[in-house]
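One file, final_35.pdb, is given below (PDB, C-alpha atoms).
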ATOM      1  CA  MET A   4      45.421 -89.270  27.046
ATOM      2  CA  ASP A   5      42.669 -88.502  29.588
ATOM      3  CA  VAL A   6      43.837 -84.871  29.863
ATOM      4  CA  LEU A   7      43.896 -84.623  26.071
ATOM      5  CA  LYS A   8      40.406 -86.119  25.855
ATOM      6  CA  GLU A   9      39.044 -83.574  28.342
ATOM      7  CA  PHE A  10      40.716 -80.750  26.404
ATOM      8  CA  ILE A  11      39.119 -81.887  23.148
ATOM      9  CA  MET A  12      35.685 -82.407  24.711
ATOM     10  CA  GLN A  13      35.856 -78.934  26.259
ATOM     11  CA  TYR A  14      37.136 -76.992  23.240
ATOM     12  CA  GLY A  15      35.638 -79.012  20.382
ATOM     13  CA  TYR A  16      37.130 -78.396  16.950
ATOM     14  CA  PHE A  17      39.688 -75.980  18.374
ATOM     15  CA  GLY A  18      40.853 -78.799  20.661
ATOM     16  CA  VAL A  19      41.078 -81.128  17.647
ATOM     17  CA  PHE A  20      43.189 -78.581  15.770
ATOM     18  CA  VAL A  21      45.546 -77.814  18.674
ATOM     19  CA  SER A  22      46.052 -81.490  19.572
ATOM     20  CA  LEU A  23      47.124 -82.346  16.022
ATOM     21  CA  VAL A  24      49.454 -79.352  15.761
ATOM     22  CA  ALA A  25      51.024 -80.344  19.088
ATOM     23  CA  GLY A  26      51.456 -83.951  17.981
ATOM     24  CA  LEU A  27      53.084 -83.045  14.674
ATOM     25  CA  ILE A  28      55.673 -80.719  16.220
ATOM     26  CA  GLY A  29      56.802 -83.645  18.363
ATOM     27  CA  LEU A  30      54.809 -83.621  21.602
ATOM     28  CA  PRO A  31      53.768 -87.086  22.866
ATOM     29  CA  VAL A  32      50.340 -87.252  21.224
ATOM     30  CA  PRO A  33      49.100 -90.563  19.665
ATOM     31  CA  ASP A  34      48.201 -89.029  16.304
ATOM     32  CA  GLU A  35      46.626 -92.025  14.544
ATOM     33  CA  VAL A  36      44.642 -93.103  17.599
ATOM     34  CA  LEU A  37      43.473 -89.521  17.978
ATOM     35  CA  LEU A  38      42.317 -89.279  14.354
ATOM     36  CA  ILE A  39      40.359 -92.532  14.587
ATOM     37  CA  THR A  40      38.791 -91.288  17.825
ATOM     38  CA  PHE A  41      37.720 -88.097  16.036
ATOM     39  CA  GLY A  42      36.077 -90.317  13.440
ATOM     40  CA  TYR A  43      34.267 -92.216  16.185
ATOM     41  CA  LEU A  44      33.100 -88.938  17.751
ATOM     42  CA  SER A  45      31.732 -87.991  14.333
ATOM     43  CA  TYR A  46      29.961 -91.356  14.172
ATOM     44  CA  ILE A  47      28.114 -90.590  17.427
ATOM     45  CA  ASP A  48      27.321 -87.074  16.106
ATOM     46  CA  TYR A  49      29.503 -85.225  18.589
ATOM     47  CA  PHE A  50      31.397 -83.806  15.596
ATOM     48  CA  HIS A  51      30.414 -83.457  11.948
ATOM     49  CA  ILE A  52      32.478 -85.778   9.759
ATOM     50  CA  SER A  53      33.245 -83.262   6.970
ATOM     51  CA  THR A  54      34.232 -80.503   9.398
ATOM     52  CA  THR A  55      36.380 -82.969  11.357
ATOM     53  CA  VAL A  56      38.334 -84.015   8.265
ATOM     54  CA  ILE A  57      38.916 -80.374   7.275
ATOM     55  CA  VAL A  58      40.060 -79.378  10.779
ATOM     56  CA  CYS A  59      42.361 -82.410  10.983
ATOM     57  CA  PHE A  60      43.818 -81.558   7.581
ATOM     58  CA  LEU A  61      44.470 -77.945   8.618
ATOM     59  CA  GLY A  62      45.971 -79.014  11.951
ATOM     60  CA  SER A  63      48.299 -81.435  10.146
ATOM     61  CA  VAL A  64      49.455 -78.859   7.591
ATOM     62  CA  ILE A  65      50.035 -76.167  10.247
ATOM     63  CA  GLY A  66      51.860 -78.635  12.506
ATOM     64  CA  MET A  67      54.159 -79.777   9.703
ATOM     65  CA  SER A  68      54.776 -76.167   8.664
ATOM     66  CA  LEU A  69      55.664 -75.155  12.220
ATOM     67  CA  SER A  70      58.161 -78.002  12.527
ATOM     68  CA  TYR A  71      59.697 -76.935   9.176
ATOM     69  CA  PHE A  72      60.203 -73.323  10.297
ATOM     70  CA  LEU A  73      61.420 -74.440  13.723
ATOM     71  CA  GLY A  74      64.020 -76.519  11.883
ATOM     72  CA  ILE A  75      65.185 -73.413  10.013
ATOM     73  CA  LYS A  76      65.187 -71.270  13.154
ATOM     74  CA  LEU A  77      66.690 -73.698  15.675
ATOM     75  CA  GLY A  78      68.981 -75.733  13.435
ATOM     76  CA  ALA A  79      70.608 -79.159  13.727
ATOM     77  CA  PRO A  80      72.436 -78.556  17.073
ATOM     78  CA  PHE A  81      69.123 -77.922  18.857
ATOM     79  CA  LEU A  82      67.507 -81.057  17.418
ATOM     80  CA  GLU A  83      70.533 -83.181  18.275
ATOM     81  CA  LYS A  84      70.567 -81.844  21.834
ATOM     82  CA  TYR A  85      66.855 -81.962  22.655
ATOM     83  CA  GLY A  86      65.501 -84.451  20.093
ATOM     84  CA  PRO A  87      66.291 -87.566  22.188
ATOM     85  CA  ARG A  88      64.048 -86.191  24.958
ATOM     86  CA  PHE A  89      61.146 -86.597  22.514
ATOM     87  CA  TYR A  90      62.346 -90.056  21.363
ATOM     88  CA  PHE A  91      64.116 -88.593  18.313
ATOM     89  CA  SER A  92      67.433 -90.369  18.835
ATOM     90  CA  ILE A  93      70.574 -89.177  17.035
ATOM     91  CA  LYS A  94      70.614 -92.455  15.090
ATOM     92  CA  LYS A  95      67.028 -91.963  13.924
ATOM     93  CA  GLN A  96      67.723 -88.336  12.993
ATOM     94  CA  ARG A  97      70.666 -89.330  10.824
ATOM     95  CA  SER A  98      68.785 -92.207   9.181
ATOM     96  CA  VAL A  99      65.858 -89.955   8.282
ATOM     97  CA  GLN A 100      68.232 -87.233   7.059
ATOM     98  CA  GLN A 101      70.016 -89.696   4.764
ATOM     99  CA  LEU A 102      66.734 -90.908   3.278
ATOM    100  CA  LEU A 103      65.548 -87.330   2.872
ATOM    101  CA  ASN A 104      68.777 -86.326   1.098
ATOM    102  CA  LYS A 105      68.659 -89.369  -1.163
ATOM    103  CA  HIS A 106      64.973 -89.548  -2.074
ATOM    104  CA  GLY A 107      63.774 -86.005  -1.356
ATOM    105  CA  LYS A 108      60.176 -85.406  -2.415
ATOM    106  CA  TRP A 109      59.127 -89.052  -2.480
ATOM    107  CA  PHE A 110      60.374 -89.610   1.040
ATOM    108  CA  ILE A 111      58.503 -86.563   2.367
ATOM    109  CA  LEU A 112      55.296 -87.852   0.797
ATOM    110  CA  LEU A 113      55.600 -91.507   1.824
ATOM    111  CA  GLY A 114      57.411 -90.938   5.115
ATOM    112  CA  PHE A 115      54.448 -88.903   6.297
ATOM    113  CA  PHE A 116      52.714 -92.182   7.173
ATOM    114  CA  ILE A 117      55.469 -93.452   9.476
ATOM    115  CA  PRO A 118      55.142 -92.384  13.149
ATOM    116  CA  GLY A 119      58.370 -90.805  14.388
ATOM    117  CA  VAL A 120      59.656 -90.273  10.859
ATOM    118  CA  ARG A 121      56.742 -87.944  10.091
ATOM    119  CA  HIS A 122      57.579 -85.799  13.111
ATOM    120  CA  LEU A 123      61.248 -85.522  12.170
ATOM    121  CA  MET A 124      60.722 -84.708   8.496
ATOM    122  CA  GLY A 125      59.540 -81.161   9.103
ATOM    123  CA  TYR A 126      62.524 -80.238  11.258
ATOM    124  CA  LEU A 127      65.045 -81.912   8.961
ATOM    125  CA  SER A 128      63.475 -80.428   5.812
ATOM    126  CA  GLY A 129      63.811 -76.987   7.374
ATOM    127  CA  ILE A 130      67.390 -77.628   8.467
ATOM    128  CA  ALA A 131      68.251 -78.833   4.938
ATOM    129  CA  LYS A 132      66.589 -75.684   3.471
ATOM    130  CA  PHE A 133      64.321 -77.880   1.369
ATOM    131  CA  SER A 134      62.043 -75.751  -0.860
ATOM    132  CA  TYR A 135      59.034 -74.760   1.267
ATOM    133  CA  LYS A 136      56.832 -74.594  -1.817
ATOM    134  CA  SER A 137      57.555 -78.244  -2.654
ATOM    135  CA  TYR A 138      57.446 -79.222   1.017
ATOM    136  CA  ILE A 139      54.015 -77.701   1.665
ATOM    137  CA  CYS A 140      52.576 -79.233  -1.521
ATOM    138  CA  LEU A 141      53.770 -82.700  -0.527
ATOM    139  CA  THR A 142      52.712 -82.403   3.107
ATOM    140  CA  SER A 143      49.305 -81.088   2.034
ATOM    141  CA  ILE A 144      48.782 -84.188  -0.085
ATOM    142  CA  GLY A 145      50.051 -86.403   2.732
ATOM    143  CA  SER A 146      47.904 -84.607   5.314
ATOM    144  CA  ALA A 147      44.756 -84.932   3.194
ATOM    145  CA  VAL A 148      45.222 -88.680   2.657
ATOM    146  CA  TRP A 149      46.432 -89.370   6.221
ATOM    147  CA  ALA A 150      43.682 -87.400   7.991
ATOM    148  CA  SER A 151      40.891 -88.704   5.744
ATOM    149  CA  LEU A 152      42.067 -92.316   6.009
ATOM    150  CA  PHE A 153      42.131 -92.464   9.801
ATOM    151  CA  VAL A 154      39.090 -90.251  10.475
ATOM    152  CA  PHE A 155      36.915 -92.274   8.091
ATOM    153  CA  THR A 156      38.305 -95.479   9.611
ATOM    154  CA  GLY A 157      37.045 -94.358  13.023
ATOM    155  CA  TYR A 158      33.715 -93.347  11.508
ATOM    156  CA  GLY A 159      33.366 -96.703   9.755
ATOM    157  CA  LEU A 160      34.303 -98.738  12.830
ATOM    158  CA  GLY A 161      31.763 -96.934  15.015
ATOM    159  CA  VAL A 162      31.386 -98.439  18.499
ATOM    160  CA  ARG A 163      33.769-101.279  17.593
ATOM    161  CA  TRP A 164      36.578 -98.718  17.822
ATOM    162  CA  LEU A 165      36.195 -98.579  21.623
ATOM    163  CA  PHE A 166      37.049-102.277  21.935
ATOM    164  CA  ILE A 167      39.864-102.062  19.381
ATOM    165  CA  ARG A 168      41.308 -99.008  21.149
ATOM    166  CA  ASP A 169      41.424-100.835  24.487
ATOM    167  CA  ASP A 170      43.219-103.731  22.808
ATOM    168  CA  ILE A 171      45.711-101.338  21.174
ATOM    169  CA  TYR A 172      46.515 -99.707  24.510
ATOM    170  CA  ALA A 173      46.974-103.144  26.079
ATOM    171  CA  HIS A 174      49.450-104.155  23.331
ATOM    172  CA  LYS A 175      50.716-100.729  22.297
ATOM    173  CA  MET A 176      54.367-101.614  21.716
ATOM    174  CA  LEU A 177      53.504-104.694  19.641
ATOM    175  CA  TYR A 178      51.118-102.849  17.310
ATOM    176  CA  THR A 179      53.465 -99.871  16.965
ATOM    177  CA  SER A 180      56.378-102.144  16.052
ATOM    178  CA  LEU A 181      54.346-104.127  13.525
ATOM    179  CA  PHE A 182      52.891-101.013  11.914
ATOM    180  CA  SER A 183      56.255 -99.252  11.684
ATOM    181  CA  THR A 184      57.967-102.392  10.336
ATOM    182  CA  LEU A 185      55.370-102.857   7.581
ATOM    183  CA  LEU A 186      55.619 -99.219   6.510
ATOM    184  CA  ILE A 187      59.415 -99.234   6.532
ATOM    185  CA  LEU A 188      59.489-102.455   4.486
ATOM    186  CA  SER A 189      57.039-100.900   2.017
ATOM    187  CA  LEU A 190      59.246 -97.826   1.676
ATOM    188  CA  ILE A 191      62.398 -99.902   1.243
ATOM    189  CA  THR A 192      60.665-102.033  -1.417
ATOM    190  CA  TYR A 193      59.535 -98.924  -3.269
ATOM    191  CA  PHE A 194      62.950 -97.267  -3.193
ATOM    192  CA  ILE A 195      64.671-100.486  -4.342
ATOM    193  CA  TYR A 196      62.186-100.763  -7.214
ATOM    194  CA  LYS A 197      62.776 -97.128  -8.142
ATOM    195  CA  SER A 198      66.546 -97.577  -7.990
ATOM    196  CA  ILE A 199      66.401-100.662 -10.228
ATOM    197  CA  SER A 200      64.203 -98.811 -12.729
ATOM    198  CA  VAL A 201      66.627 -95.874 -12.862
ATOM    199  CA  ASN A 202      69.600 -98.205 -13.348
ATOM    200  CA  LYS A 203      67.804-100.038 -16.171
ATOM    201  CA  LYS A 204      67.103 -96.748 -17.951
ATOM    202  CA  LYS A 205      70.768 -95.749 -17.609
ATOM    203  CA  LEU A 206      71.836 -99.134 -18.978
ATOM    204  CA  VAL A 207      69.498 -98.800 -21.963
ATOM    205  CA  ARG A 208      70.788 -95.279 -22.701
ATOM    206  CA  SER A 209      74.414 -96.405 -22.484
ATOM    207  CA  LYS A 210      73.747 -99.239 -24.934
ATOM    208  CA  GLU A 211      72.022 -96.869 -27.344
ATOM    209  CA  GLN A 212      75.054 -94.594 -27.292
TER     210      GLN A 212
END
Encoded form using structure tokens:
Amino acid sequence: MDVLKEFIMQYGYFGVFVSLVAGLIGLPVPDEVLLITFGYLSYIDYFHISTTVIVCFLGSVIGMSLSYFLGIKLGAPFLEKYGPRFYFSIKKQRSVQQLLNKHGKWFILLGFFIPGVRHLMGYLSGIAKFSYKSYICLTSIGSAVWASLFVFTGYGLGVRWLFIRDDIYAHKMLYTSLFSTLLILSLITYFIYKSISVNKKKLVRSKEQ
């Protein structure tokens, strides 16, 4: 993180852009922490808040696009072989692939907010030959909401973010587990609700016939 911080401080917005692209293609970059830190740097006038949000949005979209085209180019065997080195276990890859196949567009949009899942979606969408037009529309929406949410959070927290960040690093695994669990439960709840709604509509149609 210290090396990344020096890179960003040295190269400014270009460093912000590159760090987000790197994180979204799977390199070990703490994306959410980074975005909140960018918001804090905007709070202390090191960056401009509007420019920061735009650069973060562009970095997210480019990163997700790169992972999509890498998925097309490299294919499933490459991801299965080298994915575990970047904490993308075979089990996680298959779970994400199943959800992607089953729920498609909704999963790309909502899964964007789950660390680990977000990084896999681009590769797996490319491998599955998911429509790039639909993919880029969904990831653009996800990127805009995701980047704005965390950057403005950092801006709103101001100097309090420094104390929160230290606490997060001290209990990193706990916070990551809680955050991921809440998001996964939210997704499961949504998909169950959607499935029930679809089944009800089918039942109504069958009765009408």
*Contacts of A:Met12 within 12 Å, only C-alpha atoms, excl. fewer than 4 positions in-chain, as a ChimeraX atom specification*: /A:5-8,16-19,22,40-41,44,49-50
*Taking the file above as input, evaluate the PyMOL selection byres ((chain A and resi 129) around 7) and report the hits as a ChimeraX atom specification.*
/A:71-72,74-75,125-128,130-133
Export C-alpha atoms of the chosen residues as a PDB file, in the coordinates of the input?
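Saved the output as again_22.pdb:
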ATOM      1  CA  TYR A  71      59.697 -76.935   9.176  1.00  0.00           C
ATOM      2  CA  PHE A  72      60.203 -73.323  10.297  1.00  0.00           C
ATOM      3  CA  GLY A  74      64.020 -76.519  11.883  1.00  0.00           C
ATOM      4  CA  ILE A  75      65.185 -73.413  10.013  1.00  0.00           C
ATOM      5  CA  GLY A 125      59.540 -81.161   9.103  1.00  0.00           C
ATOM      6  CA  TYR A 126      62.524 -80.238  11.258  1.00  0.00           C
ATOM      7  CA  LEU A 127      65.045 -81.912   8.961  1.00  0.00           C
ATOM      8  CA  SER A 128      63.475 -80.428   5.812  1.00  0.00           C
ATOM      9  CA  ILE A 130      67.390 -77.628   8.467  1.00  0.00           C
ATOM     10  CA  ALA A 131      68.251 -78.833   4.938  1.00  0.00           C
ATOM     11  CA  LYS A 132      66.589 -75.684   3.471  1.00  0.00           C
ATOM     12  CA  PHE A 133      64.321 -77.880   1.369  1.00  0.00           C
TER      13      PHE A 133
END
*Might you pull out every residue within 6 Å of A:Tyr158, with only C-alpha atoms counted and same-chain residues fewer than 4 positions away left off, and present them as a VMD selection string?*
chain A and resid 42 to 43 46
Closest atom pairs, stretch 122-168 of chain A residues within 8 Å of stretch 101-110 of chain A, all atoms listed in the file, as a Markdown table:
| residue | atom | partner | partner_atom | distance |
| --- | --- | --- | --- | --- |
| A:Met124 | CA | A:Leu103 | CA | 7.9 |
| A:Ser128 | CA | A:Leu103 | CA | 7.8 |
| A:Ser137 | CA | A:Lys108 | CA | 7.6 |
| A:Tyr138 | CA | A:Lys108 | CA | 7.6 |
| A:Leu141 | CA | A:Lys108 | CA | 7.2 |
*Any idea what the distance is between atom CA of A:Leu61 and atom CA of A:Phe81?*
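These atoms are spaced 26.7 Å apart.
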Could you give me, as a tab-separated table, every stretch 70-114 of chain A residue with an atom at most 8 Å from stretch 142-156 of chain A, plus its closest atom pair and distance in Å to one decimal, counting all atoms listed in the file, rows ordered by chain then number?
residue	atom	partner	partner_atom	distance
A:Ile111	CA	A:Thr142	CA	7.2
A:Leu112	CA	A:Gly145	CA	5.8
A:Leu113	CA	A:Gly145	CA	7.6
*Considering all atoms listed in the file, return as a PyMOL selection string whatever protein or nucleic-acid residues lie within 12 Å of A:Ser92, sequence-local ones (same chain, fewer than 5 positions apart) excluded.*
chain A and resi 82-87+97-99+119-120+123
*If you measure from atom CA of A:Val58 to atom CA of A:Leu160, what distance in Å do you get, rounded to one decimal?*
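Going from atom CA of A:Val58 over to atom CA of A:Leu160, I get 20.3 Å.
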*Straight-line distance linking atom CA of A:Trp164 with atom CA of A:Val64, stated in Å to one decimal*: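 Distance reported for this atom pair: 25.8 Å.
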*Just the residues within 10 Å of A:Ala25, please, counting all atoms listed in the file, with nothing from its chain fewer than 6 positions along; format it as a list in words.*
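The filter keeps Pro31, Val32, Asp34, Gly62, Ser63, Ile65, Gly66, Met67, Leu69 and Ser70 of chain A.
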*Can you work out which one of A:Ala79, A:Leu27, A:Ser200, A:Gly159 has the shortest atom-to-atom distance to A:Ile117, counting all atoms listed in the file?*
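Answer, going by the shortest atom-to-atom distance: A:Leu27.
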*May I ask which of the residues A:Leu73, A:Gly161, A:Pro80, A:Ile195 is the closest one to A:Asp48, counting all atoms listed in the file?*
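Checking each of A:Leu73, A:Gly161, A:Pro80, A:Ile195 against A:Asp48, counting all atoms listed in the file, the winner is A:Gly161.
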*asked:* Just checking: using all atoms listed in the file, which residue out of A:Phe60, A:His122, A:Gly15, A:Val162 ends up closest to A:Leu38?
replied: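 Nearest candidate to A:Leu38 out of A:Phe60, A:His122, A:Gly15, A:Val162: A:Phe60.
Across A:Gly157, A:Arg121, A:Leu77, A:Ser68, the tightest approach to A:Leu37 is made by A:Gly157 when counting all atoms listed in the file.
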*Looking at A:Ser53, A:Val36, A:Ser45, A:Cys59, which one is nearest to A:Leu23, with distances taken over all atoms listed in the file?*
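That would be A:Cys59, the residue with the smallest distance to A:Leu23.
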Would you mind completing stretch 22-42 of chain A to N, CA, C and O atoms and writing the output as a PDB file, in the coordinates of the input?
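Contents of rebuild-v1.pdb, freshly written:
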ATOM      1  N   SER A  22      45.458 -80.190  19.238  1.00  0.00           N
ATOM      2  CA  SER A  22      46.052 -81.490  19.572  1.00  0.00           C
ATOM      3  C   SER A  22      46.861 -82.051  18.411  1.00  0.00           C
ATOM      4  O   SER A  22      47.935 -82.637  18.611  1.00  0.00           O
ATOM      5  N   LEU A  23      46.382 -81.856  17.184  1.00  0.00           N
ATOM      6  CA  LEU A  23      47.124 -82.346  16.022  1.00  0.00           C
ATOM      7  C   LEU A  23      48.385 -81.516  15.761  1.00  0.00           C
ATOM      8  O   LEU A  23      49.441 -82.066  15.445  1.00  0.00           O
ATOM      9  N   VAL A  24      48.276 -80.209  15.914  1.00  0.00           N
ATOM     10  CA  VAL A  24      49.454 -79.352  15.761  1.00  0.00           C
ATOM     11  C   VAL A  24      50.514 -79.764  16.778  1.00  0.00           C
ATOM     12  O   VAL A  24      51.701 -79.924  16.438  1.00  0.00           O
ATOM     13  N   ALA A  25      50.089 -79.956  18.023  1.00  0.00           N
ATOM     14  CA  ALA A  25      51.024 -80.344  19.088  1.00  0.00           C
ATOM     15  C   ALA A  25      51.692 -81.678  18.784  1.00  0.00           C
ATOM     16  O   ALA A  25      52.905 -81.843  18.979  1.00  0.00           O
ATOM     17  N   GLY A  26      50.900 -82.643  18.294  1.00  0.00           N
ATOM     18  CA  GLY A  26      51.456 -83.951  17.981  1.00  0.00           C
ATOM     19  C   GLY A  26      52.474 -83.901  16.859  1.00  0.00           C
ATOM     20  O   GLY A  26      53.517 -84.561  16.908  1.00  0.00           O
ATOM     21  N   LEU A  27      52.212 -83.079  15.852  1.00  0.00           N
ATOM     22  CA  LEU A  27      53.084 -83.045  14.674  1.00  0.00           C
ATOM     23  C   LEU A  27      54.344 -82.203  14.875  1.00  0.00           C
ATOM     24  O   LEU A  27      55.273 -82.291  14.067  1.00  0.00           O
ATOM     25  N   ILE A  28      54.404 -81.405  15.930  1.00  0.00           N
ATOM     26  CA  ILE A  28      55.673 -80.719  16.220  1.00  0.00           C
ATOM     27  C   ILE A  28      56.517 -81.539  17.200  1.00  0.00           C
ATOM     28  O   ILE A  28      57.592 -81.119  17.594  1.00  0.00           O
ATOM     29  N   GLY A  29      55.980 -82.728  17.583  1.00  0.00           N
ATOM     30  CA  GLY A  29      56.802 -83.645  18.363  1.00  0.00           C
ATOM     31  C   GLY A  29      56.359 -83.939  19.777  1.00  0.00           C
ATOM     32  O   GLY A  29      56.996 -84.734  20.465  1.00  0.00           O
ATOM     33  N   LEU A  30      55.281 -83.317  20.253  1.00  0.00           N
ATOM     34  CA  LEU A  30      54.809 -83.621  21.602  1.00  0.00           C
ATOM     35  C   LEU A  30      54.194 -85.020  21.624  1.00  0.00           C
ATOM     36  O   LEU A  30      53.699 -85.503  20.599  1.00  0.00           O
ATOM     37  N   PRO A  31      54.228 -85.694  22.790  1.00  0.00           N
ATOM     38  CA  PRO A  31      53.768 -87.086  22.866  1.00  0.00           C
ATOM     39  C   PRO A  31      52.248 -87.233  22.738  1.00  0.00           C
ATOM     40  O   PRO A  31      51.530 -87.428  23.721  1.00  0.00           O
ATOM     41  N   VAL A  32      51.769 -87.118  21.517  1.00  0.00           N
ATOM     42  CA  VAL A  32      50.340 -87.252  21.224  1.00  0.00           C
ATOM     43  C   VAL A  32      50.169 -88.428  20.260  1.00  0.00           C
ATOM     44  O   VAL A  32      50.840 -88.470  19.220  1.00  0.00           O
ATOM     45  N   PRO A  33      49.306 -89.409  20.561  1.00  0.00           N
ATOM     46  CA  PRO A  33      49.100 -90.563  19.665  1.00  0.00           C
ATOM     47  C   PRO A  33      48.251 -90.169  18.458  1.00  0.00           C
ATOM     48  O   PRO A  33      47.038 -90.344  18.437  1.00  0.00           O
ATOM     49  N   ASP A  34      48.904 -89.643  17.433  1.00  0.00           N
ATOM     50  CA  ASP A  34      48.201 -89.029  16.304  1.00  0.00           C
ATOM     51  C   ASP A  34      47.154 -89.921  15.650  1.00  0.00           C
ATOM     52  O   ASP A  34      46.002 -89.519  15.473  1.00  0.00           O
ATOM     53  N   GLU A  35      47.560 -91.144  15.252  1.00  0.00           N
ATOM     54  CA  GLU A  35      46.626 -92.025  14.544  1.00  0.00           C
ATOM     55  C   GLU A  35      45.443 -92.421  15.415  1.00  0.00           C
ATOM     56  O   GLU A  35      44.292 -92.430  14.959  1.00  0.00           O
ATOM     57  N   VAL A  36      45.724 -92.749  16.669  1.00  0.00           N
ATOM     58  CA  VAL A  36      44.642 -93.103  17.599  1.00  0.00           C
ATOM     59  C   VAL A  36      43.692 -91.925  17.765  1.00  0.00           C
ATOM     60  O   VAL A  36      42.467 -92.088  17.805  1.00  0.00           O
ATOM     61  N   LEU A  37      44.268 -90.746  17.825  1.00  0.00           N
ATOM     62  CA  LEU A  37      43.473 -89.521  17.978  1.00  0.00           C
ATOM     63  C   LEU A  37      42.560 -89.305  16.767  1.00  0.00           C
ATOM     64  O   LEU A  37      41.370 -89.002  16.910  1.00  0.00           O
ATOM     65  N   LEU A  38      43.105 -89.476  15.575  1.00  0.00           N
ATOM     66  CA  LEU A  38      42.317 -89.279  14.354  1.00  0.00           C
ATOM     67  C   LEU A  38      41.153 -90.274  14.275  1.00  0.00           C
ATOM     68  O   LEU A  38      40.029 -89.906  13.911  1.00  0.00           O
ATOM     69  N   ILE A  39      41.429 -91.527  14.614  1.00  0.00           N
ATOM     70  CA  ILE A  39      40.359 -92.532  14.587  1.00  0.00           C
ATOM     71  C   ILE A  39      39.294 -92.199  15.632  1.00  0.00           C
ATOM     72  O   ILE A  39      38.092 -92.357  15.391  1.00  0.00           O
ATOM     73  N   THR A  40      39.735 -91.697  16.785  1.00  0.00           N
ATOM     74  CA  THR A  40      38.791 -91.288  17.825  1.00  0.00           C
ATOM     75  C   THR A  40      37.922 -90.130  17.350  1.00  0.00           C
ATOM     76  O   THR A  40      36.717 -90.088  17.631  1.00  0.00           O
ATOM     77  N   PHE A  41      38.513 -89.195  16.607  1.00  0.00           N
ATOM     78  CA  PHE A  41      37.720 -88.097  16.036  1.00  0.00           C
ATOM     79  C   PHE A  41      36.662 -88.646  15.080  1.00  0.00           C
ATOM     80  O   PHE A  41      35.540 -88.145  15.022  1.00  0.00           O
ATOM     81  N   GLY A  42      37.040 -89.678  14.337  1.00  0.00           N
ATOM     82  CA  GLY A  42      36.077 -90.317  13.440  1.00  0.00           C
ATOM     83  C   GLY A  42      34.949 -90.960  14.211  1.00  0.00           C
ATOM     84  O   GLY A  42      33.769 -90.863  13.825  1.00  0.00           O
TER      85      GLY A  42
END
